[in-house]
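Visitor: Take a look at work19.txt, compact mmCIF, C-alpha atoms and all ligand atoms:
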# COMPACT_ATOMS: atom_id res chain seq x y z
CA MET A 1 102.21 120.92 96.94
CA ASN A 2 101.72 120.57 93.20
CA LYS A 3 98.91 118.10 92.72
CA GLY A 4 97.88 116.15 89.63
CA PRO A 5 94.65 114.17 89.24
CA GLU A 6 92.91 112.47 92.18
CA VAL A 7 93.90 108.81 92.51
CA ALA A 8 91.94 107.63 95.54
CA ARG A 9 89.58 108.83 98.27
CA GLY A 10 89.14 107.38 101.76
CA LYS A 11 86.85 108.29 104.67
CA THR A 12 89.26 110.91 106.01
CA LYS A 13 91.73 111.62 103.19
CA VAL A 14 92.12 112.25 99.46
CA LEU A 15 95.15 111.15 97.41
CA TYR A 16 96.42 113.00 94.34
CA ARG A 17 99.24 112.22 91.95
CA SER A 18 102.21 114.47 92.60
CA ALA A 19 102.78 116.85 89.71
CA ASP A 20 106.51 116.94 90.61
CA ARG A 21 107.43 113.28 91.20
CA PRO A 22 106.06 110.38 89.18
CA ASP A 23 106.81 107.96 92.06
CA ALA A 24 104.92 110.00 94.69
CA VAL A 25 101.40 110.96 95.72
CA VAL A 26 100.07 113.83 97.81
CA VAL A 27 97.87 112.81 100.79
CA VAL A 28 95.42 115.49 101.91
CA SER A 29 93.84 114.85 105.33
CA GLN A 30 90.22 115.94 105.66
CA ASP A 31 88.24 117.37 108.57
CA GLN A 32 85.93 114.33 108.76
CA ILE A 33 85.72 112.04 111.77
CA THR A 34 83.86 108.76 111.29
CA ALA A 35 83.00 105.64 113.28
CA GLY A 36 81.15 102.39 112.69
CA ASP A 37 82.62 101.92 109.18
CA GLY A 38 81.41 105.40 108.20
CA ALA A 39 77.88 105.02 109.68
CA LYS A 40 78.50 107.94 112.06
CA ARG A 41 80.30 110.95 110.60
CA HIS A 42 80.98 114.55 111.58
CA VAL A 43 83.19 117.40 110.53
CA ILE A 44 85.61 118.89 113.04
CA SER A 45 87.14 122.00 111.56
CA GLY A 46 90.96 121.77 111.79
CA LYS A 47 91.03 117.97 112.33
CA GLY A 48 92.69 117.40 108.94
CA ARG A 49 95.49 119.75 109.93
CA LEU A 50 95.95 117.93 113.26
CA ALA A 51 95.87 114.51 111.52
CA ALA A 52 98.57 115.58 109.02
CA LEU A 53 100.68 117.10 111.79
CA THR A 54 100.41 114.00 114.00
CA THR A 55 101.10 111.63 111.10
CA ALA A 56 104.11 113.62 109.86
CA ARG A 57 105.62 113.75 113.35
CA ILE A 58 105.15 110.00 113.81
CA TYR A 59 106.61 109.19 110.39
CA ARG A 60 109.63 111.42 110.98
CA LEU A 61 110.28 109.59 114.22
CA LEU A 62 109.91 106.17 112.58
CA SER A 63 112.13 107.14 109.62
CA ALA A 64 114.81 108.32 112.06
CA CYS A 65 114.65 104.82 113.61
CA ASN A 66 115.48 103.34 110.12
CA ILE A 67 112.00 101.84 109.71
CA PRO A 68 111.04 101.64 105.99
CA THR A 69 108.10 104.00 105.41
CA HIS A 70 106.33 105.75 102.52
CA TYR A 71 106.80 109.24 104.04
CA LEU A 72 108.81 111.76 102.02
CA SER A 73 107.94 115.25 103.28
CA GLY A 74 105.32 117.72 104.45
CA GLY A 75 102.57 117.73 107.01
CA GLU A 76 104.53 119.63 109.60
CA ASP A 77 106.21 122.68 108.10
CA ASP A 78 103.34 124.30 106.25
CA ASP A 79 99.73 125.06 107.00
CA ALA A 80 98.26 122.73 104.40
CA ASN A 81 97.03 119.28 105.46
CA GLU A 82 99.33 117.73 102.86
CA MET A 83 102.07 115.13 102.86
CA LEU A 84 104.19 113.82 100.01
CA VAL A 85 104.55 110.03 100.17
CA ARG A 86 105.92 107.29 97.91
CA HIS A 87 103.29 105.82 95.65
CA CYS A 88 102.52 102.29 96.91
CA GLU A 89 100.23 99.51 95.91
CA MET A 90 98.31 99.31 99.19
CA ILE A 91 97.83 95.89 100.78
CA PRO A 92 94.18 95.82 101.97
CA ILE A 93 94.96 94.52 105.46
CA GLU A 94 94.77 96.43 108.74
CA VAL A 95 97.48 95.08 111.02
CA VAL A 96 96.51 95.60 114.67
CA VAL A 97 99.04 95.22 117.48
CA ARG A 98 97.64 94.86 120.99
CA GLY A 99 99.60 95.35 124.20
CA VAL A 100 96.55 95.73 126.44
CA ALA A 101 93.04 94.27 126.06
CA ALA A 102 90.44 96.74 124.78
CA GLY A 103 87.95 97.33 121.97
CA SER A 104 86.98 94.48 119.65
CA TYR A 105 89.42 92.12 121.40
CA VAL A 106 87.42 92.37 124.63
CA LYS A 107 84.15 91.92 122.72
CA ARG A 108 85.53 88.74 121.13
CA ASN A 109 86.99 87.54 124.45
CA PRO A 110 84.38 88.48 127.07
CA GLY A 111 86.32 86.65 129.79
CA VAL A 112 89.21 89.10 129.49
CA LYS A 113 88.95 92.30 131.55
CA PRO A 114 89.68 95.55 129.65
CA GLY A 115 93.12 96.78 130.62
CA THR A 116 94.67 93.30 130.98
CA VAL A 117 98.22 93.23 129.67
CA ILE A 118 98.54 90.95 126.62
CA ALA A 119 101.88 89.17 126.69
CA PRO A 120 103.41 88.56 124.27
CA ARG A 121 101.80 91.31 122.24
CA LEU A 122 99.16 90.08 119.88
CA VAL A 123 99.09 90.84 116.15
CA GLU A 124 95.75 90.54 114.35
CA TYR A 125 94.78 91.08 110.71
CA PHE A 126 91.56 92.59 109.39
CA PHE A 127 90.61 92.63 105.71
CA LYS A 128 89.63 96.14 104.61
CA ASP A 129 86.00 95.79 103.61
CA ASP A 130 83.62 98.36 105.13
CA ALA A 131 80.53 96.62 103.71
CA ASN A 132 81.42 93.51 105.75
CA HIS A 133 82.80 95.43 108.77
CA ASP A 134 86.47 94.62 108.13
CA PRO A 135 86.41 90.87 108.91
CA GLN A 136 89.30 89.32 110.83
CA TYR A 137 91.54 87.15 108.62
CA THR A 138 94.08 84.53 109.58
CA ALA A 139 97.63 84.71 108.25
CA GLU A 140 96.96 81.54 106.25
CA ARG A 141 93.93 83.09 104.54
CA ILE A 142 95.85 86.25 103.60
CA VAL A 143 98.55 84.13 101.97
CA ASP A 144 96.13 81.61 100.38
CA GLU A 145 94.08 84.42 98.81
CA GLY A 146 97.26 86.01 97.43
CA ILE A 147 96.72 89.28 99.33
CA ALA A 148 100.35 89.13 100.53
CA THR A 149 103.06 86.51 100.31
CA GLN A 150 104.14 84.72 103.45
CA HIS A 151 107.41 86.63 103.36
CA GLU A 152 105.61 89.98 102.98
CA LEU A 153 103.23 89.18 105.82
CA ALA A 154 106.12 88.18 108.09
CA GLN A 155 107.79 91.53 107.31
CA MET A 156 104.54 93.45 107.90
CA THR A 157 104.10 91.70 111.24
CA ASP A 158 107.66 92.37 112.38
CA ILE A 159 107.51 96.04 111.33
CA ALA A 160 104.11 96.50 113.00
CA ARG A 161 105.53 95.11 116.27
CA ILE A 162 108.56 97.44 116.06
CA VAL A 163 106.34 100.45 115.33
CA PHE A 164 104.19 99.57 118.35
CA ASP A 165 107.28 99.23 120.56
CA VAL A 166 108.72 102.56 119.37
CA LEU A 167 105.45 104.43 119.92
CA ALA A 168 104.84 102.67 123.25
CA HIS A 169 108.31 103.85 124.37
CA ALA A 170 107.60 107.42 123.27
CA TRP A 171 104.26 107.46 125.10
CA LYS A 172 105.72 105.79 128.19
CA ARG A 173 108.17 108.68 128.51
CA GLN A 174 105.06 110.83 129.01
CA ASN A 175 103.49 108.29 131.41
CA VAL A 176 100.87 107.36 128.80
CA LEU A 177 100.02 103.73 127.99
CA LEU A 178 99.77 102.74 124.32
CA VAL A 179 96.99 100.14 124.38
CA ASP A 180 96.70 99.12 120.74
CA LEU A 181 97.60 100.37 117.28
CA LYS A 182 96.46 99.86 113.69
CA VAL A 183 98.88 100.21 110.79
CA GLU A 184 98.81 99.49 107.06
CA PHE A 185 101.40 98.63 104.46
CA GLY A 186 102.10 99.07 100.77
CA ARG A 187 104.35 97.61 98.11
CA ALA A 188 106.71 99.99 96.29
CA PRO A 189 109.21 99.27 93.50
CA ARG A 190 112.79 98.79 94.69
CA SER A 191 115.52 100.52 92.64
CA GLU A 192 117.40 97.21 92.22
CA GLY A 193 114.24 95.49 90.95
CA GLY A 194 111.36 93.75 92.72
CA THR A 195 109.27 95.39 95.42
CA GLU A 196 109.68 96.33 99.04
CA ILE A 197 107.22 96.54 101.91
CA LEU A 198 106.75 100.04 103.32
CA LEU A 199 104.74 101.25 106.28
CA ALA A 200 102.05 103.40 104.66
CA ASP A 201 98.75 105.21 105.28
CA VAL A 202 98.22 107.79 108.01
CA ILE A 203 99.06 107.05 111.65
CA ASP A 204 97.24 109.54 113.82
CA ASN A 205 94.96 109.82 116.84
CA ASP A 206 92.41 107.61 115.03
CA SER A 207 94.94 104.76 114.79
CA TRP A 208 95.50 103.89 118.45
CA ARG A 209 94.18 103.86 121.97
CA VAL A 210 96.21 105.85 124.48
CA TRP A 211 95.48 105.98 128.23
CA PRO A 212 97.35 108.54 130.36
CA GLY A 213 98.63 106.92 133.53
CA GLY A 214 97.16 103.62 132.28
CA ASP A 215 93.67 104.97 133.14
CA GLN A 216 91.05 104.11 130.50
CA SER A 217 88.75 106.92 131.64
CA ALA A 218 91.48 109.46 130.83
CA MET A 219 91.72 108.32 127.17
CA LEU A 220 92.95 110.84 124.60
CA ASP A 221 92.08 109.06 121.34
CA LYS A 222 89.20 108.59 118.90
CA GLN A 223 87.45 106.15 121.24
CA ILE A 224 86.00 109.23 122.99
CA TYR A 225 84.08 109.98 119.76
CA ARG A 226 83.13 106.32 119.21
CA ASN A 227 81.62 106.18 122.72
CA ILE A 228 79.19 109.09 122.18
CA GLN A 229 76.00 108.08 120.34
CA VAL A 230 74.98 111.57 119.20
CA PRO A 231 77.75 114.07 119.88
CA SER A 232 76.86 117.68 120.66
CA GLU A 233 78.92 120.67 119.52
CA ALA A 234 80.53 120.69 122.98
CA ASP A 235 81.39 116.97 122.64
CA LEU A 236 83.04 117.61 119.26
CA ALA A 237 84.96 120.56 120.71
CA ASN A 238 86.18 118.26 123.50
CA VAL A 239 87.28 115.66 120.92
CA LYS A 240 89.15 118.37 119.00
CA GLY A 241 90.88 119.45 122.21
CA LYS A 242 92.17 115.89 122.72
CA TYR A 243 93.43 115.75 119.10
CA GLU A 244 95.25 119.04 119.68
CA GLU A 245 96.79 117.69 122.87
CA VAL A 246 97.91 114.49 121.11
CA ALA A 247 99.48 116.41 118.17
CA GLU A 248 101.37 118.54 120.70
CA ARG A 249 102.49 115.52 122.76
CA VAL A 250 103.60 113.63 119.62
CA GLY A 251 105.75 116.67 118.82
CA GLN A 252 107.77 115.77 121.96
CA PHE A 253 108.47 112.18 120.83
CA GLN A 254 111.84 112.94 119.20
CA LYS A 255 112.98 115.21 122.03
CA THR A 256 115.84 113.94 124.17
CA THR A 257 118.35 115.59 126.42
CA GLY A 258 120.99 113.95 124.18
CA GLY A 259 123.67 111.55 125.25
CA PHE A 260 127.12 110.39 124.31
CA VAL A 261 129.59 107.66 125.13
CA GLY A 262 132.95 108.49 126.66
CA ILE A 263 135.37 105.75 125.64
CA VAL A 264 138.32 105.79 128.00
CA MET A 265 141.23 103.48 127.21
CA GLY A 266 144.24 102.87 129.40
CA SER A 267 146.74 102.94 126.54
CA SER A 268 146.91 103.82 122.85
CA GLY A 269 147.58 100.07 122.42
CA ASP A 270 143.86 99.56 123.08
CA ASP A 271 142.90 101.64 120.05
CA ALA A 272 141.79 98.74 117.82
CA HIS A 273 139.31 97.72 120.53
CA ALA A 274 138.09 101.33 120.87
CA GLU A 275 137.67 101.62 117.10
CA ARG A 276 135.35 98.60 117.04
CA ILE A 277 133.20 100.22 119.76
CA LEU A 278 133.21 103.54 117.92
CA LYS A 279 132.11 101.89 114.66
CA ALA A 280 129.23 100.02 116.35
CA LEU A 281 128.09 103.22 118.09
CA SER A 282 128.23 105.20 114.88
CA GLY A 283 126.03 102.53 113.22
CA LEU A 284 123.35 103.43 115.79
CA GLY A 285 124.02 107.17 115.47
CA VAL A 286 125.38 107.50 119.02
CA PRO A 287 127.97 110.28 119.45
CA ALA A 288 131.20 109.06 121.04
CA ARG A 289 134.79 110.15 121.48
CA LYS A 290 137.94 108.25 122.43
CA HIS A 291 140.18 109.29 125.33
CA VAL A 292 143.38 107.84 126.73
CA ALA A 293 143.91 107.90 130.52
CA SER A 294 145.48 105.27 132.74
CA ALA A 295 144.43 104.57 136.32
CA HIS A 296 147.89 103.21 137.10
CA LYS A 297 150.08 105.69 135.25
CA THR A 298 148.00 108.91 135.28
CA PRO A 299 145.45 108.61 138.11
CA LEU A 300 144.90 112.36 138.57
CA TYR A 301 144.64 112.88 134.82
CA ALA A 302 142.05 110.08 134.62
CA LEU A 303 140.00 111.63 137.44
CA GLU A 304 140.10 115.03 135.78
CA LYS A 305 139.01 113.40 132.52
CA VAL A 306 135.94 111.88 134.21
CA SER A 307 134.92 115.12 135.86
CA ARG A 308 135.28 116.94 132.51
CA LEU A 309 133.11 114.38 130.70
CA ASP A 310 130.56 114.40 133.55
CA GLY A 311 130.44 118.19 133.28
CA MET A 312 129.65 118.25 129.57
CA LEU A 313 126.15 118.86 128.24
CA GLY A 314 124.21 115.62 127.68
CA ARG A 315 124.01 112.29 129.45
CA VAL A 316 127.21 110.25 129.45
CA VAL A 317 127.83 106.51 129.57
CA TYR A 318 131.44 105.38 129.97
CA ILE A 319 133.07 102.43 128.24
CA THR A 320 136.44 101.70 129.79
CA ILE A 321 139.10 99.65 128.03
CA ALA A 322 142.10 98.40 129.98
CA GLY A 323 143.92 95.11 129.57
CA ARG A 324 145.96 93.08 132.06
CA SER A 325 145.14 94.48 135.53
CA ASN A 326 142.00 96.54 134.87
CA ALA A 327 142.00 99.18 137.58
CA LEU A 328 140.57 101.77 135.21
CA SER A 329 136.93 100.61 135.15
CA ALA A 330 136.47 100.49 138.93
CA PHE A 331 138.45 103.70 139.30
CA VAL A 332 136.21 105.57 136.83
CA ASP A 333 133.11 104.00 138.38
CA ALA A 334 134.03 105.26 141.86
CA ALA A 335 134.48 108.76 140.44
CA THR A 336 131.07 109.08 138.71
CA ALA A 337 127.39 108.32 139.34
CA ASN A 338 126.99 107.58 135.61
CA CYS A 339 127.06 104.05 134.17
CA VAL A 340 130.45 102.47 133.46
CA ILE A 341 130.80 99.49 131.15
CA ALA A 342 134.13 97.69 131.31
CA CYS A 343 135.20 96.20 128.00
CA PRO A 344 138.68 94.82 128.69
CA PRO A 345 140.67 93.21 125.88
CA ILE A 346 141.54 89.77 127.19
CA GLY A 347 145.14 88.68 126.56
CA SER A 348 146.52 85.16 126.65
CA ASN A 349 148.78 85.79 129.70
CA PHE A 350 147.86 83.59 132.68
CA SER A 351 145.33 81.74 130.51
CA GLY A 352 143.12 84.83 130.19
CA MET A 353 142.84 85.23 133.97
CA ASP A 354 143.13 89.02 133.44
CA ILE A 355 139.35 89.01 133.34
CA LEU A 356 139.19 88.45 137.10
CA SER A 357 140.48 91.99 137.68
CA SER A 358 137.30 93.29 135.99
CA LEU A 359 134.97 90.90 137.81
CA SER A 360 136.09 90.84 141.43
CA LEU A 361 135.48 94.40 142.63
CA PRO A 362 135.55 96.18 145.98
CA SER A 363 132.19 96.92 147.63
CA GLY A 364 130.37 99.97 146.30
CA ILE A 365 131.70 99.58 142.77
CA ALA A 366 129.25 98.86 139.94
CA SER A 367 131.23 98.77 136.69
CA MET A 368 129.55 96.21 134.39
CA VAL A 369 131.55 93.91 132.16
CA VAL A 370 130.69 93.31 128.49
CA LEU A 371 133.54 91.64 126.66
CA GLU A 372 132.72 91.98 122.95
CA PRO A 373 133.31 95.58 121.80
CA GLU A 374 130.16 95.63 119.62
CA ASN A 375 128.07 94.31 122.53
CA ALA A 376 129.52 96.93 124.89
CA ALA A 377 128.48 99.60 122.37
CA LEU A 378 124.97 98.11 122.26
CA ALA A 379 124.75 98.06 126.06
CA ALA A 380 125.70 101.75 126.19
CA ALA A 381 123.14 102.54 123.47
CA LYS A 382 120.41 100.74 125.43
CA ILE A 383 121.20 102.79 128.53
CA LEU A 384 121.01 106.05 126.57
CA ALA A 385 117.83 104.84 124.82
CA VAL A 386 115.90 104.98 128.10
CA ASP A 387 115.40 108.68 127.37
CA ASP A 388 115.79 108.61 123.56
CA THR A 389 113.03 107.02 121.50
CA VAL A 390 114.91 107.29 118.19
CA LEU A 391 117.81 105.34 119.65
CA TYR A 392 115.41 102.83 121.20
CA GLY A 393 113.90 102.30 117.75
CA ARG A 394 117.31 101.86 116.14
CA VAL A 395 118.17 99.18 118.70
CA LEU A 396 114.87 97.41 117.91
CA VAL A 397 115.63 97.54 114.16
CA SER A 398 119.15 96.18 114.71
CA GLN A 399 117.71 93.30 116.76
CA TYR A 400 115.20 92.64 113.97
CA LYS A 401 118.08 92.45 111.44
CA ASN A 402 119.89 89.97 113.70
CA ARG A 403 116.80 87.76 113.81
CA THR A 404 116.42 87.95 110.03
CA ASN A 405 120.07 86.99 109.57
CA VAL A 406 119.61 83.87 111.71
CA VAL A 407 116.47 82.82 109.84
CA ASP A 408 118.17 83.42 106.46
CA ALA A 409 121.20 81.40 107.60
CA ASP A 410 118.83 78.58 108.57
CA ALA A 411 117.42 78.68 105.05
CA ARG A 412 120.90 78.55 103.49
CA ALA A 413 121.70 75.58 105.74
CA GLY A 414 118.58 73.86 104.40
CA GLY A 415 116.73 74.14 107.73
CA SER A 416 113.66 75.96 106.37
CA SER A 417 112.36 77.92 103.40
CA GLY A 418 113.87 81.05 104.96
CA GLN A 419 110.47 82.45 105.81
CA THR A 420 108.71 82.42 109.10
CA THR A 421 105.02 82.50 109.52
CA PRO A 422 103.87 85.71 111.20
CA ASN A 423 103.59 83.94 114.54
CA GLY A 424 107.27 83.08 114.30
CA LYS A 425 107.04 79.36 113.51
CA ALA A 426 109.17 78.14 110.62
CA SER A 427 107.10 77.31 107.57
CA GLN A 428 106.72 73.69 106.54
CA ASN A 429 107.61 73.93 102.83
O1 LIG A 501 88.27 98.13 117.35
P1 LIG A 501 89.54 97.38 117.63
O2 LIG A 501 89.73 97.06 119.06
O3 LIG A 501 89.72 96.18 116.74
O4 LIG A 501 90.73 98.42 117.23
C1 LIG A 501 92.08 98.12 117.44
C2 LIG A 501 92.91 99.36 117.14
O5 LIG A 501 92.86 99.65 115.75
C3 LIG A 501 92.44 100.62 117.85
O6 LIG A 501 93.58 101.36 118.22
C4 LIG A 501 91.65 101.36 116.79
O7 LIG A 501 91.67 102.75 116.99
C5 LIG A 501 92.36 100.97 115.52
N1 LIG A 501 91.48 100.88 114.35
C6 LIG A 501 91.64 101.74 113.30
N2 LIG A 501 90.85 101.63 112.19
C7 LIG A 501 89.91 100.69 112.10
C8 LIG A 501 89.76 99.79 113.17
C9 LIG A 501 90.56 99.91 114.28
O8 LIG A 501 92.51 102.60 113.31
N3 LIG A 501 89.18 100.60 111.00
What does the file become when written as structure tokens?
Ligand code: C5P
Guide:
Amino acid sequence: MNKGPEVARGKTKVLYRSADRPDAVVVVSQDQITAGDGAKRHVISGKGRLAALTTARIYRLLSACNIPTHYLSGGEDDDANEMLVRHCEMIPIEVVVRGVAAGSYVKRNPGVKPGTVIAPRLVEYFFKDDANHDPQYTAERIVDEGIATQHELAQMTDIARIVFDVLAHAWKRQNVLLVDLKVEFGRAPRSEGGTEILLADVIDNDSWRVWPGGDQSAMLDKQIYRNIQVPSEADLANVKGKYEEVAERVGQFQKTTGGFVGIVMGSSGDDAHAERILKALSGLGVPARKHVASAHKTPLYALEKVSRLDGMLGRVVYITIAGRSNALSAFVDAATANCVIACPPIGSNFSGMDILSSLSLPSGIASMVVLEPENAALAAAKILAVDDTVLYGRVLVSQYKNRTNVVDADARAGGSSGQTTPNGKASQN
């Protein structure tokens, strides 16, 4: 990458202005590994490459989930330890999300056994200040000292939680427990004026604790290095091996066998309903196609349709749309071991009693009923997301937007200032 002058230097990376883009910087990961605020430091040849690779793979995953990040390119495709990222004004706060008790949390809470699940997940803030060992700050102090506004801190907290959930999902698919995670944020200019909060800094094997099978002694992360007082060459080689394993495993995060939704409607008259489902699925990036087949009028054709869709490459979830007497959903369900979601349009005949034909089913039939087309699409997406971390992340982001919309509506109604404190309570002003 074409680099201009150096702009900043951290313990494990150097930042240069990009010679190609005035709004970007080049991050070069170094081979250093440090602990104890830099008191212990070693060089592991090739660690910078692994850090850039791990970070780039994580940022690509998070960007695919529609999470706002500073990442632009690099880190993965070339041999250099370099990434191009948007230039941000960094906010000097480390945001730590904890799902399981470990590390400094256990030291501060000696009554809590390491490995205890923390529910709900805890978010903590540490002010970046090596000389004073990164002291813990409260949300109030961060806002009072003008380090971030209340609104910015609420966004940082929400994004940090989503990032944790996305990475925990990705690790869980490999039977590895994400214990805790540290992330940082920056402010970048928005094209329409003002600034926006972006996830920034590296996220690599130094940023989390990860325990395969939930077993602390099997840890893969930097804690191995922290735990050794004076590491030998063999110890450092072992640490490097874990970093290599993590970079490789993170490369699997975006992998999925792929899935799609088969929308089967009983009549072309149901098309408006199907279109609403299709639109909601496309908003989440879920492939889907509409089909028309009636259980009453074309039973053999409907059965053939199901066996064709079942036989296609990729996992399938069915959404069935049939009004009046809905035989279709149960019929499709009996013909497949895949999930079937019934989304019947409810007419006004018999005071909407049509719905009973979707609810009262013979034994051995498991078609689920979700009435709103957009909600049926979401239910299908959640099923496919079990084995698709990008989709899981997109669902999390859409839920976050829903929460924000409610809080903003409250503000417009005069219920609050429109901002929540990071712990979710409405602010007083
Ligand atoms: O040490 P502590 O338990 O507070 O660390 C919480 C999480 O933050 C761990 O995953 C650790 O690796 C990470 N961390 C970090 N950089 C620091 C401090 C902690 O990445 N300076």
Visitor: Ligand LIG 501 (chain A): which residues are within 6 Å, counting only C-alpha atoms and all ligand atoms? Reply as number ranges by chain.
Guide: A: 96, 102-105, 180-182, 206-209
Visitor: Selection from above, C-alpha atoms, as a CSV table (one decimal), keeping the file's coordinate frame, can you write it?
Guide:
chain,number,residue,atom,x,y,z
A,96,VAL,CA,96.5,95.6,114.7
A,102,ALA,CA,90.4,96.7,124.8
A,103,GLY,CA,88.0,97.3,122.0
A,104,SER,CA,87.0,94.5,119.6
A,105,TYR,CA,89.4,92.1,121.4
A,180,ASP,CA,96.7,99.1,120.7
A,181,LEU,CA,97.6,100.4,117.3
A,182,LYS,CA,96.5,99.9,113.7
A,206,ASP,CA,92.4,107.6,115.0
A,207,SER,CA,94.9,104.8,114.8
A,208,TRP,CA,95.5,103.9,118.4
A,209,ARG,CA,94.2,103.9,122.0
Visitor: Rank A:Ser416, A:Ser367, A:Ser398, A:Thr34 by their smallest atom-to-atom distance to Ile224 of chain A, using only C-alpha atoms, and report the top residue only.
Guide: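 Selected residue with least distance to Ile224 of chain A: A:Thr34.
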Visitor: Determine the nearest neighbour of Ser325 of chain A from the options A:Ile346, A:Met83, A:Ile341, A:Met312, counting all atoms listed in the file.
Guide: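 Comparing A:Ile346, A:Met83, A:Ile341, A:Met312 against Ser325 of chain A, the winner is A:Ile346.
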Visitor: With distances taken over all atoms listed in the file, which of A:Leu53, A:Ser348, A:Ser360, A:Ala302 is nearest to Thr336 of chain A?
Guide: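 That would be A:Ala302, the residue with the smallest distance to Thr336 of chain A.
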Visitor: Would you please work out which residue, of A:Gly194, A:Gly314, A:Gly266, A:Gly393, is nearest to His296 of chain A when using all atoms listed in the file?
Guide: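 The answer is A:Gly266, which sits nearest to His296 of chain A.
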